[in-house]
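Data block for structure-v5.tsv (TSV, C-alpha atoms and all ligand atoms):
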```
chain	number	residue	atom	x	y	z
Y	1	MET	CA	6.85	-24.04	5.90
Y	2	GLU	CA	6.92	-24.66	2.14
Y	3	GLY	CA	4.96	-21.56	1.25
Y	4	ILE	CA	2.27	-19.08	2.15
Y	5	ILE	CA	-0.29	-17.08	0.18
Y	6	ILE	CA	-1.23	-13.64	1.49
Y	7	TYR	CA	-4.01	-11.65	-0.14
Y	8	GLY	CA	-5.33	-8.10	-0.11
Y	9	SER	CA	-8.82	-7.74	-1.53
Y	10	ARG	CA	-11.78	-5.37	-1.24
Y	11	TYR	CA	-14.60	-7.15	-3.09
Y	12	GLY	CA	-13.41	-10.76	-3.25
Y	13	HIS	CA	-11.67	-11.17	-6.62
Y	14	ALA	CA	-8.11	-11.35	-5.27
Y	15	SER	CA	-9.22	-13.56	-2.37
Y	16	ALA	CA	-10.95	-15.92	-4.83
Y	17	TYR	CA	-7.68	-16.28	-6.75
Y	18	ALA	CA	-5.79	-16.83	-3.48
Y	19	ARG	CA	-8.12	-19.70	-2.55
Y	20	MET	CA	-7.97	-21.22	-6.03
Y	21	LEU	CA	-4.17	-21.12	-5.90
Y	22	SER	CA	-4.11	-22.61	-2.42
Y	23	ALA	CA	-6.28	-25.50	-3.62
Y	24	GLN	CA	-3.74	-26.18	-6.35
Y	25	VAL	CA	-0.45	-25.82	-4.49
Y	26	GLY	CA	-1.48	-26.55	-0.92
Y	27	PHE	CA	-0.07	-23.38	0.68
Y	28	PRO	CA	-2.14	-21.87	3.50
Y	29	VAL	CA	-3.96	-18.60	2.76
Y	30	VAL	CA	-3.86	-15.57	5.04
Y	31	ARG	CA	-5.53	-12.21	4.67
Y	32	CYS	CA	-3.14	-9.22	4.74
Y	33	GLY	CA	-3.10	-7.40	8.05
Y	34	LYS	CA	-2.89	-10.62	10.06
Y	35	SER	CA	0.47	-11.32	11.59
Y	36	VAL	CA	2.23	-13.58	9.11
Y	37	PRO	CA	5.48	-15.46	9.82
Y	38	LEU	CA	7.00	-14.39	6.50
Y	39	ALA	CA	10.51	-15.57	7.33
Y	40	ASP	CA	9.30	-19.14	7.96
Y	41	ALA	CA	8.07	-19.66	4.41
Y	42	ALA	CA	10.36	-20.78	1.60
Y	43	THR	CA	7.96	-19.15	-0.87
Y	44	VAL	CA	5.76	-16.11	-0.30
Y	45	VAL	CA	2.96	-15.39	-2.78
Y	46	TYR	CA	1.25	-12.02	-2.37
Y	47	ILE	CA	-2.01	-11.60	-4.31
Y	48	GLY	CA	-3.49	-8.10	-4.20
Y	49	SER	CA	-6.05	-6.12	-6.13
Y	50	LEU	CA	-5.20	-2.84	-7.83
Y	51	TYR	CA	-6.70	0.49	-6.81
Y	52	ALA	CA	-5.31	3.48	-8.72
Y	53	GLY	CA	-2.09	1.54	-9.23
Y	54	GLY	CA	-1.69	0.61	-5.55
Y	55	VAL	CA	-1.81	-3.06	-4.54
Y	56	VAL	CA	-4.08	-3.59	-1.52
Y	57	GLY	CA	-1.99	-4.34	1.60
Y	58	LEU	CA	1.33	-4.78	-0.20
Y	59	VAL	CA	3.20	-1.88	1.39
Y	60	ARG	CA	1.97	-2.74	4.87
Y	61	THR	CA	2.78	-6.42	4.55
Y	62	PHE	CA	6.39	-5.87	3.45
Y	63	ARG	CA	7.07	-2.64	5.34
Y	64	ARG	CA	9.40	-4.22	7.86
Y	65	TYR	CA	10.47	-7.26	5.92
Y	66	THR	CA	13.31	-7.99	3.52
Y	67	PRO	CA	13.26	-11.47	1.98
Y	68	ARG	CA	16.14	-13.63	3.12
Y	69	PRO	CA	18.56	-15.07	0.53
Y	70	GLY	CA	16.96	-17.92	-1.36
Y	71	GLN	CA	13.42	-17.06	-0.32
Y	72	ARG	CA	11.09	-16.79	-3.31
Y	73	VAL	CA	8.66	-13.88	-3.52
Y	74	PHE	CA	5.82	-13.70	-6.04
Y	75	VAL	CA	3.56	-10.67	-6.36
Y	76	VAL	CA	0.31	-11.20	-8.23
Y	77	THR	CA	-1.82	-8.18	-9.12
Y	78	VAL	CA	-5.54	-8.45	-9.78
Y	79	GLY	CA	-7.09	-5.66	-11.80
Y	80	ILE	CA	-9.62	-4.83	-14.43
Y	81	SER	CA	-7.08	-3.84	-17.09
Y	82	ASP	CA	-6.00	-6.43	-19.61
Y	83	PRO	CA	-2.67	-8.11	-18.74
Y	84	ALA	CA	-2.26	-9.04	-22.41
Y	85	ASP	CA	-1.57	-5.35	-23.12
Y	86	GLU	CA	2.15	-4.60	-22.72
Y	87	THR	CA	1.59	-0.96	-21.75
Y	88	ASN	CA	-0.70	-2.01	-18.89
Y	89	VAL	CA	1.84	-4.52	-17.67
Y	90	ALA	CA	4.68	-1.98	-17.83
Y	91	ASN	CA	2.59	0.52	-15.82
Y	92	ILE	CA	1.67	-2.07	-13.18
Y	93	CYS	CA	5.31	-3.23	-12.92
Y	94	SER	CA	6.67	0.25	-12.31
Y	95	SER	CA	3.96	0.89	-9.74
Y	96	VAL	CA	4.69	-2.38	-7.86
Y	97	ARG	CA	8.40	-1.58	-7.96
Y	98	ARG	CA	7.76	1.69	-6.13
Y	99	GLN	CA	5.72	-0.10	-3.45
Y	100	LEU	CA	8.36	-2.70	-2.55
Y	101	PRO	CA	11.38	-1.35	-0.66
Y	102	PHE	CA	13.46	-4.46	-1.40
Y	103	TRP	CA	12.65	-4.50	-5.10
Y	104	GLN	CA	15.46	-5.77	-7.34
Y	105	ASP	CA	14.76	-6.71	-10.95
Y	106	GLY	CA	14.47	-10.46	-11.28
Y	107	LYS	CA	14.26	-11.11	-7.51
Y	108	VAL	CA	10.51	-10.69	-7.25
Y	109	ARG	CA	8.37	-12.52	-9.79
Y	110	LEU	CA	5.34	-10.56	-10.97
Y	111	PHE	CA	2.10	-11.95	-12.38
Y	112	HIS	CA	-1.05	-10.13	-13.45
Y	113	LEU	CA	-4.56	-11.49	-13.34
Y	114	ARG	CA	-7.93	-10.06	-14.25
Y	115	GLY	CA	-10.63	-9.60	-11.65
Y	116	GLY	CA	-13.94	-7.87	-12.07
Y	117	ILE	CA	-16.01	-4.95	-10.97
Y	118	ASP	CA	-19.60	-4.61	-9.82
Y	119	TYR	CA	-20.56	-0.94	-9.58
Y	120	GLY	CA	-23.58	-1.84	-7.48
Y	121	ARG	CA	-21.30	-3.10	-4.72
Y	122	LEU	CA	-18.68	-0.32	-4.74
Y	123	SER	CA	-18.23	1.85	-1.68
Y	124	PHE	CA	-19.12	5.53	-1.94
Y	125	ILE	CA	-15.41	6.45	-2.15
Y	126	HIS	CA	-14.72	3.94	-4.90
Y	127	LYS	CA	-17.79	5.02	-6.86
Y	128	THR	CA	-16.65	8.62	-6.57
Y	129	MET	CA	-13.12	7.76	-7.70
Y	130	MET	CA	-14.48	5.93	-10.74
Y	131	TRP	CA	-16.85	8.76	-11.56
Y	132	MET	CA	-13.99	11.28	-11.41
Y	133	LEU	CA	-11.86	9.08	-13.65
Y	134	TYR	CA	-14.75	8.62	-16.11
Y	135	ARG	CA	-15.41	12.35	-16.18
Y	136	SER	CA	-11.74	13.17	-16.87
Y	137	LEU	CA	-11.50	10.51	-19.60
Y	138	ARG	CA	-14.66	11.85	-21.29
Y	139	LYS	CA	-12.96	15.20	-21.70
Y	140	LYS	CA	-9.99	13.71	-23.55
Y	141	GLU	CA	-9.66	13.48	-27.32
Y	142	ALA	CA	-10.76	10.02	-28.44
Y	143	GLY	CA	-7.43	9.53	-30.23
Y	144	SER	CA	-5.41	10.18	-27.08
Y	145	LEU	CA	-7.17	7.47	-25.01
Y	146	SER	CA	-5.12	4.39	-24.14
Y	147	GLN	CA	-6.56	0.91	-24.40
Y	148	GLU	CA	-6.92	0.93	-20.59
Y	149	ASP	CA	-8.74	4.30	-20.70
Y	150	ARG	CA	-11.21	2.95	-23.26
Y	151	LEU	CA	-11.81	-0.16	-21.16
Y	152	PHE	CA	-12.51	1.88	-18.02
Y	153	MET	CA	-15.02	3.98	-19.98
Y	154	GLU	CA	-16.68	0.95	-21.55
Y	155	LEU	CA	-17.09	-0.79	-18.19
Y	156	TYR	CA	-18.22	2.29	-16.28
Y	157	GLY	CA	-21.38	1.41	-14.32
Y	158	CYS	CA	-21.29	-2.27	-15.32
Y	159	ASN	CA	-20.99	-5.57	-13.52
Y	160	VAL	CA	-18.28	-7.72	-15.11
Y	161	ASP	CA	-16.15	-10.59	-13.91
Y	162	PHE	CA	-13.08	-11.78	-15.81
Y	163	THR	CA	-11.90	-14.12	-13.05
Y	164	ASP	CA	-10.30	-17.06	-14.80
Y	165	HIS	CA	-9.10	-20.14	-12.98
Y	166	ALA	CA	-6.93	-21.15	-15.95
Y	167	ALA	CA	-4.99	-17.87	-15.77
Y	168	LEU	CA	-3.25	-19.21	-12.66
Y	169	ALA	CA	-1.52	-21.96	-14.67
Y	170	PRO	CA	1.76	-20.09	-15.43
Y	171	LEU	CA	2.11	-19.14	-11.76
Y	172	VAL	CA	1.40	-22.70	-10.61
Y	173	CYS	CA	4.01	-23.99	-13.08
Y	174	GLU	CA	6.61	-21.63	-11.70
Y	175	LEU	CA	5.79	-22.55	-8.13
Y	176	TRP	CA	6.14	-26.22	-9.00
Y	177	ALA	CA	9.33	-25.66	-10.96
Y	178	GLY	CA	11.22	-24.19	-8.06
Y	179	SER	CA	10.11	-26.32	-5.13
Y	180	ALA	CA	9.44	-29.81	-3.88
Y	181	LEU	CA	5.65	-29.44	-4.13
Y	201	LIG	C1	-11.53	3.05	-7.37
Y	201	LIG	C2	-10.99	1.91	-8.21
Y	201	LIG	C3	-9.72	2.00	-8.75
Y	201	LIG	C4	-9.23	0.95	-9.53
Y	201	LIG	N1	-7.97	1.04	-10.07
Y	201	LIG	C5	-7.52	0.05	-10.88
Y	201	LIG	C6	-6.23	0.14	-11.48
Y	201	LIG	O1	-5.46	1.07	-11.27
Y	201	LIG	N2	-5.86	-0.86	-12.34
Y	201	LIG	C7	-6.67	-1.93	-12.60
Y	201	LIG	O2	-6.31	-2.79	-13.39
Y	201	LIG	N3	-7.89	-2.07	-11.98
Y	201	LIG	C8	-8.32	-1.11	-11.14
Y	201	LIG	N4	-9.53	-1.22	-10.53
Y	201	LIG	C9	-10.31	-2.46	-10.70
Y	201	LIG	C10	-10.03	-3.45	-9.54
Y	201	LIG	O3	-8.67	-3.74	-9.44
Y	201	LIG	C11	-10.80	-4.73	-9.84
Y	201	LIG	O4	-12.16	-4.43	-9.68
Y	201	LIG	C12	-10.39	-5.90	-8.97
Y	201	LIG	O5	-10.91	-7.08	-9.51
Y	201	LIG	C13	-10.86	-5.74	-7.54
Y	201	LIG	O6	-10.42	-6.85	-6.79
Y	201	LIG	P1	-10.98	-7.14	-5.32
Y	201	LIG	O7	-12.41	-7.54	-5.49
Y	201	LIG	O8	-10.15	-8.30	-4.85
Y	201	LIG	O9	-10.76	-5.92	-4.51
Y	201	LIG	C14	-10.04	-0.19	-9.76
Y	201	LIG	C15	-11.31	-0.27	-9.18
Y	201	LIG	C16	-11.80	0.76	-8.41
Y	201	LIG	C17	-13.17	0.64	-7.82
```

Could I get this structure in the form of structure tokens?
Ligand SMILES: Cc1cc2nc3c(=O)[nH]c(=O)nc-3n(C[C@H](O)[C@H](O)[C@H](O)COP(=O)(O)O)c2cc1C
Amino acid sequence: MEGIIIYGSRYGHASAYARMLSAQVGFPVVRCGKSVPLADAATVVYIGSLYAGGVVGLVRTFRRYTPRPGQRVFVVTVGISDPADETNVANICSSVRRQLPFWQDGKVRLFHLRGGIDYGRLSFIHKTMMWMLYRSLRKKEAGSLSQEDRLFMELYGCNVDFTDHAALAPLVCELWAGSAL
């Protein structure tokens, strides 16, 4: 198999990206949790949304798997924070590193995409988590808030969607560059 796309998503943003990518590169799409023949794929793309730094399904998917030599692994995070901000990217990278037992710098390619949030659709637990975060951020000095903190406060209670088809282009280029697609 040339490649496979696995996704972990709660409200559909990461799965939407997985389908968009599949339409462009032709890899089949599988939801995390299904049994996936990881070793059969020359390229594995994992697309997962971020919840408090954790990537949905990532740990479970790769718990008993170490990529074989030559196999390409791409991890794509989908979150609300802005991937143009270097601090956000550094935080996401160190968090992903901790979640992958076989992590070696340069072996796994990381990409970051923006999803969205609709407070009206959040589960009780997720609403509570966001409320607790909002409450703790409100107590902080304005000057000590990071760009990500300010964004979370600004978007609290809102319905926003930053999903951008064009943001997949660098990933698609890399997938094309290293295979016979
Ligand atoms: C409880 C909670 C925690 C979140 N934590 C993060 C986070 O750490 N970093 C981030 O960028 N986005 C975070 N988000 C935003 C989600 O990653 C974003 O809504 C994403 O698009 C959801 O994708 P999904 O619909 O595929 O699950 C959080 C959202 C919720 C509700």

Contacts to ligand LIG 201 (chain Y) at 6 Å cut-off (all atoms listed in the file) as a list in words: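 After applying the 6 Å limit, what remains is Ser9, Arg10, Tyr11, Gly12, His13, Ala14, Ser15, Ser49, Leu50, Tyr51, Ala52, Gly53, Val78, Gly79, Ile80, Ser81, Gly115, Gly116, Ile117, His126, Met129 and Met130 of chain Y.
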
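Taking all atoms listed in the file into account, those protein, DNA and RNA residues with any atom at most 9 Å away from (-0.5, -4.5, -11.4) amount to Gly48, Ser49, Leu50, Gly53, Gly54, Val55, Val75, Val76, Thr77, Val78, Gly79, Ser81, Pro83, Asn88, Val89, Ala90, Asn91, Ile92, Cys93, Ser94, Ser95, Val96, Leu110, Phe111, His112 and Leu113 of chain Y.
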
What gap, in Å, lies between CA of Val29 (chain Y) and CA of Tyr7 (chain Y)? 7.5 Å

I'd like to know which of Y:Lys107, Y:Arg114, Y:Ala41, Y:Gln147 is closest to Asp161 (chain Y), using all atoms listed in the file. Y:Arg114

Work out how far apart CA of Glu174 (chain Y) and CA of Arg64 (chain Y) are and give it in Å to one decimal.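 So the two atoms, CA of Glu174 (chain Y) and CA of Arg64 (chain Y), lie 26.3 Å apart.
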
Which distance in Å separates CA of Gly33 (chain Y) and CA of Asp105 (chain Y), to one decimal?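 Going from CA of Gly33 (chain Y) over to CA of Asp105 (chain Y) covers 26.1 Å.
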
Pick the closest to Val30 (chain Y) from Y:Ile5, Y:Ala42, Y:Leu122, Y:Ala16: which is it, counting only C-alpha atoms?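 Among the listed residues, Y:Ile5 lies closest to Val30 (chain Y).
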
What are the closest atom pairs, with distances in Å to one decimal, for all residues of region 78-140 of chain Y lying within 9 Å of region 65-72 of chain Y? Consider all atoms listed in the file, order rows by chain and residue number, and present the result as CSV.
```
residue,atom,partner,partner_atom,distance
Y:Pro101,CA,Y:Thr66,CA,8.1
Y:Phe102,CA,Y:Thr66,CA,6.1
Y:Lys107,CA,Y:Arg72,CA,7.7
Y:Val108,CA,Y:Arg72,CA,7.3
Y:Arg109,CA,Y:Arg72,CA,8.2
```

When you count only C-alpha atoms, which of these residues is closest to Leu38 (chain Y): Y:Met1, Y:Leu100, Y:Arg19, Y:Leu58?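 Smallest distance to Leu38 (chain Y) is found for Y:Met1.
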
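Nearest to Ala169 (chain Y) of all the residues Y:Thr87, Y:Gln24, Y:Thr43, Y:Ser146 is Y:Gln24, based on all atoms listed in the file.
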
Counting all atoms listed in the file, figure out which residue out of Y:Leu175, Y:Leu137, Y:Ala18, Y:Val25 gets nearest to Phe152 (chain Y).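 Looking at the shortest contact to Phe152 (chain Y), the residue is Y:Leu137.
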
Looking at only C-alpha atoms, which of Y:Tyr156, Y:Phe27, Y:Phe162, Y:Tyr46 is the one that sits closest to Arg138 (chain Y)?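 Answer, going by the shortest atom-to-atom distance: Y:Tyr156.
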